[in-house]
Every structure is written in structure tokens, then in C-alpha cells.
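What follows is one structure encoded as C-alpha cells, with my remarks underneath.
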Amino acid sequence: MTEAYIYDAIRTPRGKGRKDGALHEVTSVRLSALTLNALKERNNLEGHAVEDVIWGNVTQVMEQGGCLARSAVLASDLDQSIPGLAINRFCASGMEAVNLAANQVKGGAGQAYIAGGVEMMGRVAMGSDGAAIAVDPSLAFETYFVPQGISADIIATEYGFTREQADALAVESQRRAKAAWDDNRFAKSVITVRDQNGIAILDHDEYMRPGTDMQSLGALNASFQMMGEQMPGFDKVAMLKYPHLERINHIHHAGNSSGIVDGSAAVLIGNKEFGEQYGLKPRARIKATAKIGTDPTIMLTGPVPVTQKILADNGMVISDLDLFEVNEAFAAVVLRFQQAFDLDPAVVNPNGGSIAMGHPLGATGAMIIGTLLDELERQDKEMGLATLCIASGMGAATIIERV
């Protein structure tokens with residue numbers, strides 16, 4: 001089978017996802033086009049250079065509706081002969097775009113692809129697409145649906161994580177993110193977003209709160225306790241599904257959960273012949289990809305079984321991997337991953353994660369693949385795994401190996 005290589009990986013800075021954020025006036029199509037243009041220019045792509053643009057996006061309504069991928073291609077400097085495919089696997093959409101592209105290359109369906117995603121959460125509100133899993137009673141009742149924050153608190157309760165552990169992970173995420181920016185570790189990947197006049201409007205992750213400490217987090221109220229214990233009473237739903245739980249321990253809040261932000265990311269994937277044609281050197285091969293379905297109520301445990309699956313499918317063990325990027329959707333997700341595989345926290349998200357920098361849903365999966373690649377190069381390590389939990393109970397993972 002043909003090898004699929006990563007030739008380049010870029011991302012925009014993550015904007016605050018609010019009206020006072022630098023990216024608020026930038027549309028999803030424009031931010032996508034800017035990202036595609038940057039990848040095209042950096043790699044001197046011409047004509048029908050790639051087979052397709054596969055673009056992840058979660059809330060596919062309003063400006064993010066239609067086939068956003070095709071709109072982005074037409075708004076960019078890419079040739080109009082390149083089509084576009086918009087996909088949605090919730091929080092793993094950007095990763096699934098990369099995985100689909102890699103497997104297309106491996107299967108011989110084209111020499112190269114651009115894959116990634118975008119989410120403008122400050123412009124298109126999360127949940128505004130009216131997803132059936134949440135709003136259709138016939139499905140929501142059958143699956144014991146609860147919001148993701150409740151799911152994260154169920155994980156904390158089931159696996160014994162405390163508020164102090166979750167807050168400590170959040171403080172460390174902020175510390176690591178600041179250290180990474182101070183050390184210029186994102187310089188290879190982060191592009192500057194400019195306005196129509198070429199003036200820079202954002203060149204750093206503006207959501208970060210580097211002054212965060214245990215005291216400041218301790219002053220925050222649990223975000224999901226009221227919806228769990230009072231109306232609409234989701235704790236009761238959870239305990240119908242898991243009667244062994246006497247109560248739900250609500251430990252998550254805005255400071256130890258991922259931030260609502262704007263952002264875009266793109267990865268250039270191709271075979272050996274593509275690199276030779278454009279004079280590009282591959283940085284890593286995509287060694288393996290995997291996805292899995294999990295319990296839709298606890299919902300966010302997917303990184304553990306999908307990692308078990310990708311390792312088993314490829315005859316590997318956890319010690320074969322040097323570094324891990326586990327999306328910090330909520331602190332308990334990462335705590336559970338570290339617990340399940342008995343990992344040294346130092347090798348998991350060494351540059352911080354979505355608690356510190358934010359989680360632009362459709363883009364994050366592609367972002368963490370790029371972050372993983374940069375860090376493997378910086379530490380001179382060989383192999384790493386990126387993984388995300390996914391709404392409604394799924395998991396996705398990608399293993400990359402430097403070449």
C-alpha cells in the first residue's frame with residue numbers, strides 16, 4: 001500500500017470566540033481561505049495540485065452551512081478544479097478529515113489532499129444546528145442523553161477524580177501553553193491572520209489565561225451542577241443509566257474545561273511522488289488511523305478504547321509511542337486517559353491544550369496533529385498519537401511517525 005506523508009501542517013491562532021475577539025468579524029469561509037492560501041504559498045502548489053480539500057466543521061448552519069469546503073476553495077487562491085468535501089464527526093472532524101485524506105492516498109485515490117477544518121464559535125453558536133441526539137425525544141430518551149459537561153462529571157465520579165486534580169491539570173495546561181509560546185514552539189505552525197489591508201489582526205492564541213492558579217480556579221462555581229441537580233435534572237437521567245452511582249460529583253467549570261474559540265487548521269498530505277513533483281520533503285508518515293463508537297451517555301471516554309483499538313490493529317503497545325496529544329475537552333478526559341495507560345503526565349500535551357488555548361470544534365483534530373508533529377521534531381522523538389473524545393459517544397485517533 002502507498003505511504004501517506006505529512007508535508008506541512010499549519011493553523012491560525014485561536015481567537016477568543018466572543019464579540020471582543022480579534023476574529024469576530026472574520027467569516028468561516030474567509031478564515032478557511034486564508035488558511036488554504038497560506039498552505040498553498042508555503043508549498044508552491046499550482047493548478048490541480050491536490051485531489052480534494054476535506055474540511056471538518058461541526059455546526060454546519062448559516063455561514064458554515066452548505067459545502068463549506070467548496071466555498072473555502074472558491075474563496076481561496078486554489079485552482080477551481082479542486083473540489084471540496086465538508087465532513088462532521090463532531091470534535092474529531094478535523095482529525096477525521098486528515099485520516100480520510102491519508103487513507104485515500106494510501107488507497108491510490110489521488111496523490112495529495114489538503115485536510116483540516118474550521119469553527120467560528122463566536123459567530124455560529126454551538127448547538128444552533130439543532131442536533132437530533134439532543135432535541136429529538138425519541139432518540140434522547142433512548143440513549144439517556146445528557147450534556148457533555150454532565151458526561152465529564154460522570155467520568156470524574158466513575159473514576160474517582162477530584163476537583164483539585166482537575167484544577168491542577170488546568171493550571172498546568174496554562175503553564176505549559178505559556179511556556180510553549182515563550183519558547184516559540186508554535187512558530188513553525190501558527191500563521192498570522194491579516195485583514196483585507198494586510199494588517200495583522202491576530203498572531204497568538206488570545207484565549208490563554210497564564211495567570212491562572214489554584215486559588216482563582218477554586219473561586220469558580222461548578223458549571224453543570226445546577227442543570228444536573230435542579231431543572232432539567234440530568235443527574236437523574238445519568239443515575240437511571242448508572243444506578244451504582246449514588247450521586248454525580250460536579251467538578252468541572254469554565255477554568256478546567258475547553259474554551260469556546262475561533263480557529264482553522266490545515267494539513268498537506270501526499271504520497272512520495274507528490275513530494276518529488278513539488279520538491280517537498282515529508283516530515284512524517286501517517287502510520288495508522290482509527291475510530292470507534294462508545295457509550296453515548298458518559299460519551300467522552302472514547303480516547304481510551306480507540307487507543308486500545310489502534311494499538312491492537314497495528315501490533316503495537318503503548319510504550320511504542322513517545323508523545324501524546326489528548327484533546328482537553330474537559331480535565332477528566334485527560335485524567336482518565338493518563339490513568340488508563342499509566343502514563344507520565346509529562347508526555348501528554350507537553351505544550352498545554354484546549355483548556356488553555358481553546359477548542360475550535362471542527363479544527364482541533366487537525367491542530368493537535370500539527371502540534372504533535374512539531375513536538376516530535378523539537379524533542380527528536382519518533383512516534384506519537386493524537387486522540388479526541390467525541391460527542392454522542394465516539395473516539396478517533398491518529399498515529400504519526402517521523403521520517
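Identifiers in this document derive from the order of the C-alpha cells: chains are assigned A, B, ..., residues are numbered from 1 separately in each chain, and ligands are numbered from 1 in order of occurrence.
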List every residue of segment 187-225 of chain A that DSSP, applied to the backbone, labels as strand (DSSP E or B), and write the result as number ranges by chain. A: 190, 193-194, 200-202
DSSP on the backbone: what in segment 186-394 of chain A comes out helix (DSSP H, G or I), as a PyMOL selection string? chain A and resi 214-218+225-229+234-241+272-278+303-313+318-320+331-341+345-347+354-357+361-379
If I take atom CA of Ala22 of chain A and atom CA of Thr35 of chain A, how far is one from the other in Å, to one decimal? 16.1 Å
Counting only C-alpha atoms, what are the residues of segment 88-178 of chain A within 10 Å of segment 350-359 of chain A, and for each of them which pair of atoms is the nearest and at what distance in Å, to one decimal? Sort the table by chain and rising number, as a Markdown table.
```
| residue | atom | partner | partner_atom | distance |
| --- | --- | --- | --- | --- |
| A:Cys91 | CA | A:His359 | CA | 8.5 |
| A:Glu119 | CA | A:His359 | CA | 8.9 |
| A:Met121 | CA | A:His359 | CA | 9.3 |
| A:Leu169 | CA | A:Ile355 | CA | 9.1 |
| A:Ala170 | CA | A:Ile355 | CA | 6.3 |
| A:Val171 | CA | A:Ala356 | CA | 8.4 |
| A:Glu172 | CA | A:Gly352 | CA | 7.3 |
| A:Ser173 | CA | A:Gly352 | CA | 4.2 |
| A:Gln174 | CA | A:Ala356 | CA | 4.8 |
| A:Arg175 | CA | A:Gly352 | CA | 7.3 |
| A:Arg176 | CA | A:Gly352 | CA | 4.8 |
| A:Ala177 | CA | A:Gly352 | CA | 4.5 |
| A:Lys178 | CA | A:Gly352 | CA | 8.2 |
```
Exercise: segment 367-374 of chain A partners within 7 Å, only C-alpha atoms, chain neighbours under 6 positions left out, as a ChimeraX atom specification: /A:9-11,265,325,384,386
Take the residues from that selection and put them in a file with N, CA and C atoms, as an mmCIF file, in the first residue's frame.
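Saved result, result-v6.cif, follows:
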```cif
data_model
loop_
_atom_site.group_PDB
_atom_site.id
_atom_site.type_symbol
_atom_site.label_atom_id
_atom_site.label_comp_id
_atom_site.auth_asym_id
_atom_site.auth_seq_id
_atom_site.Cartn_x
_atom_site.Cartn_y
_atom_site.Cartn_z
ATOM 1 N N ALA A 9 1.874 21.316 8.080
ATOM 2 C CA ALA A 9 0.724 21.454 8.968
ATOM 3 C C ALA A 9 0.732 22.854 9.543
ATOM 4 N N ILE A 10 -0.362 23.569 9.357
ATOM 5 C CA ILE A 10 -0.446 24.943 9.847
ATOM 6 C C ILE A 10 -1.774 25.158 10.556
ATOM 7 N N ARG A 11 -1.819 26.213 11.354
ATOM 8 C CA ARG A 11 -3.071 26.604 11.989
ATOM 9 C C ARG A 11 -3.088 28.103 12.201
ATOM 10 N N ALA A 265 -7.346 25.104 10.773
ATOM 11 C CA ALA A 265 -6.087 24.370 10.623
ATOM 12 C C ALA A 265 -6.116 23.556 9.348
ATOM 13 N N GLU A 325 -1.036 13.636 22.238
ATOM 14 C CA GLU A 325 -1.906 14.809 22.273
ATOM 15 C C GLU A 325 -3.325 14.306 22.501
ATOM 16 N N GLY A 384 4.164 9.364 17.732
ATOM 17 C CA GLY A 384 3.196 9.917 18.663
ATOM 18 C C GLY A 384 1.769 9.633 18.246
ATOM 19 N N ALA A 386 -2.315 11.161 18.496
ATOM 20 C CA ALA A 386 -3.278 12.222 18.786
ATOM 21 C C ALA A 386 -4.653 11.593 18.870
#
```
What is the distance between atom CA of Met299 of chain A and atom CA of Phe145 of chain A, in Å to one decimal?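 These atoms are spaced 9.1 Å apart.
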In terms of the shortest atom-to-atom distance over only C-alpha atoms, which of A:Ile298, A:Leu217, A:Val326, A:Arg30 is closest to Ala168 of chain A?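 Smallest separation from Ala168 of chain A among the options: A:Leu217.
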When you draw a straight line from atom CA of Arg378 of chain A to atom CA of Arg185 of chain A, how long is it in Å?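 These two atoms are separated by 8.0 Å.
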Of the candidates A:Gly122, A:Gly279, A:Gly198, A:Pro305, which one gets nearest to Gly393 of chain A if we count only C-alpha atoms?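 Smallest distance to Gly393 of chain A is found for A:Pro305.
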Residues within 10 Å of Phe324 of chain A, only C-alpha atoms, excluding chain neighbours under 3 positions, as a VMD selection string: chain A and resid 321 327 338 343 345 to 350 368 to 369 372 375 to 376 383 to 387 399
Tell me, as a PyMOL selection string, which residues lie within 12 Å of Ile260 of chain A, counting only C-alpha atoms; anything in the same chain fewer than 3 positions away does not count. chain A and resi 14-18+21+119-126+206-208+254-255+257+263+329+354-362+364
Which residue gives the smallest distance to Glu273 of chain A among A:Ala4, A:Leu100, A:Leu78, A:Leu23, with only C-alpha atoms counted?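 Closest to Glu273 of chain A, using only C-alpha atoms: A:Ala4.
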So that I can see what lies close to Val146 of chain A, please list as an MDAnalysis selection string the residues with an atom at most 8 Å from it, counting only C-alpha atoms and leaving out residues fewer than 6 positions away in the same chain. chainID A and resid 134 234 237:238 297
Of the residues A:Lys381, A:Ile251, A:Ala290, A:Ala72, which is the one nearest to Gln165 of chain A, using only C-alpha atoms? A:Ile251
May I have the residues within 7 Å of Ile269 of chain A as a list in words, using only C-alpha atoms and disregarding those fewer than 2 positions away in the same chain?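 My list of contacting residues is Ala4, Tyr5, Ile6, Tyr7, Ala102, Ala112, Tyr113, Ile114 and Val267 of chain A.
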Would you mind exporting the chosen residues as a CSV table (one decimal), in the first residue's frame, restricted to N, CA, C and O atoms?
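Saved the output as selection_12.csv:
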```
chain,number,residue,atom,x,y,z
A,4,ALA,N,1.3,7.4,3.1
A,4,ALA,CA,0.7,8.8,3.1
A,4,ALA,C,1.6,9.6,4.1
A,4,ALA,O,1.8,9.2,5.3
A,5,TYR,N,2.2,10.7,3.6
A,5,TYR,CA,3.1,11.5,4.3
A,5,TYR,C,2.5,12.9,4.7
A,5,TYR,O,1.7,13.4,3.9
A,6,ILE,N,2.8,13.4,5.8
A,6,ILE,CA,2.5,14.8,6.1
A,6,ILE,C,3.7,15.7,5.6
A,6,ILE,O,4.8,15.5,6.0
A,7,TYR,N,3.3,16.6,4.7
A,7,TYR,CA,4.3,17.5,4.2
A,7,TYR,C,4.3,18.9,4.9
A,7,TYR,O,5.4,19.5,5.0
A,102,ALA,N,-5.6,10.7,4.3
A,102,ALA,CA,-4.4,9.8,4.4
A,102,ALA,C,-4.8,8.4,3.8
A,102,ALA,O,-4.1,7.8,3.0
A,112,ALA,N,-2.4,13.6,-3.5
A,112,ALA,CA,-2.3,14.5,-2.4
A,112,ALA,C,-3.7,15.2,-2.1
A,112,ALA,O,-4.6,15.3,-2.9
A,113,TYR,N,-3.8,15.6,-0.8
A,113,TYR,CA,-5.0,16.2,-0.3
A,113,TYR,C,-4.6,17.3,0.7
A,113,TYR,O,-3.5,17.3,1.3
A,114,ILE,N,-5.5,18.3,0.8
A,114,ILE,CA,-5.4,19.2,1.9
A,114,ILE,C,-6.6,18.9,2.8
A,114,ILE,O,-7.7,18.7,2.4
A,267,VAL,N,-3.7,20.5,7.0
A,267,VAL,CA,-2.5,19.6,6.8
A,267,VAL,C,-2.4,19.2,5.4
A,267,VAL,O,-3.4,18.9,4.7
```
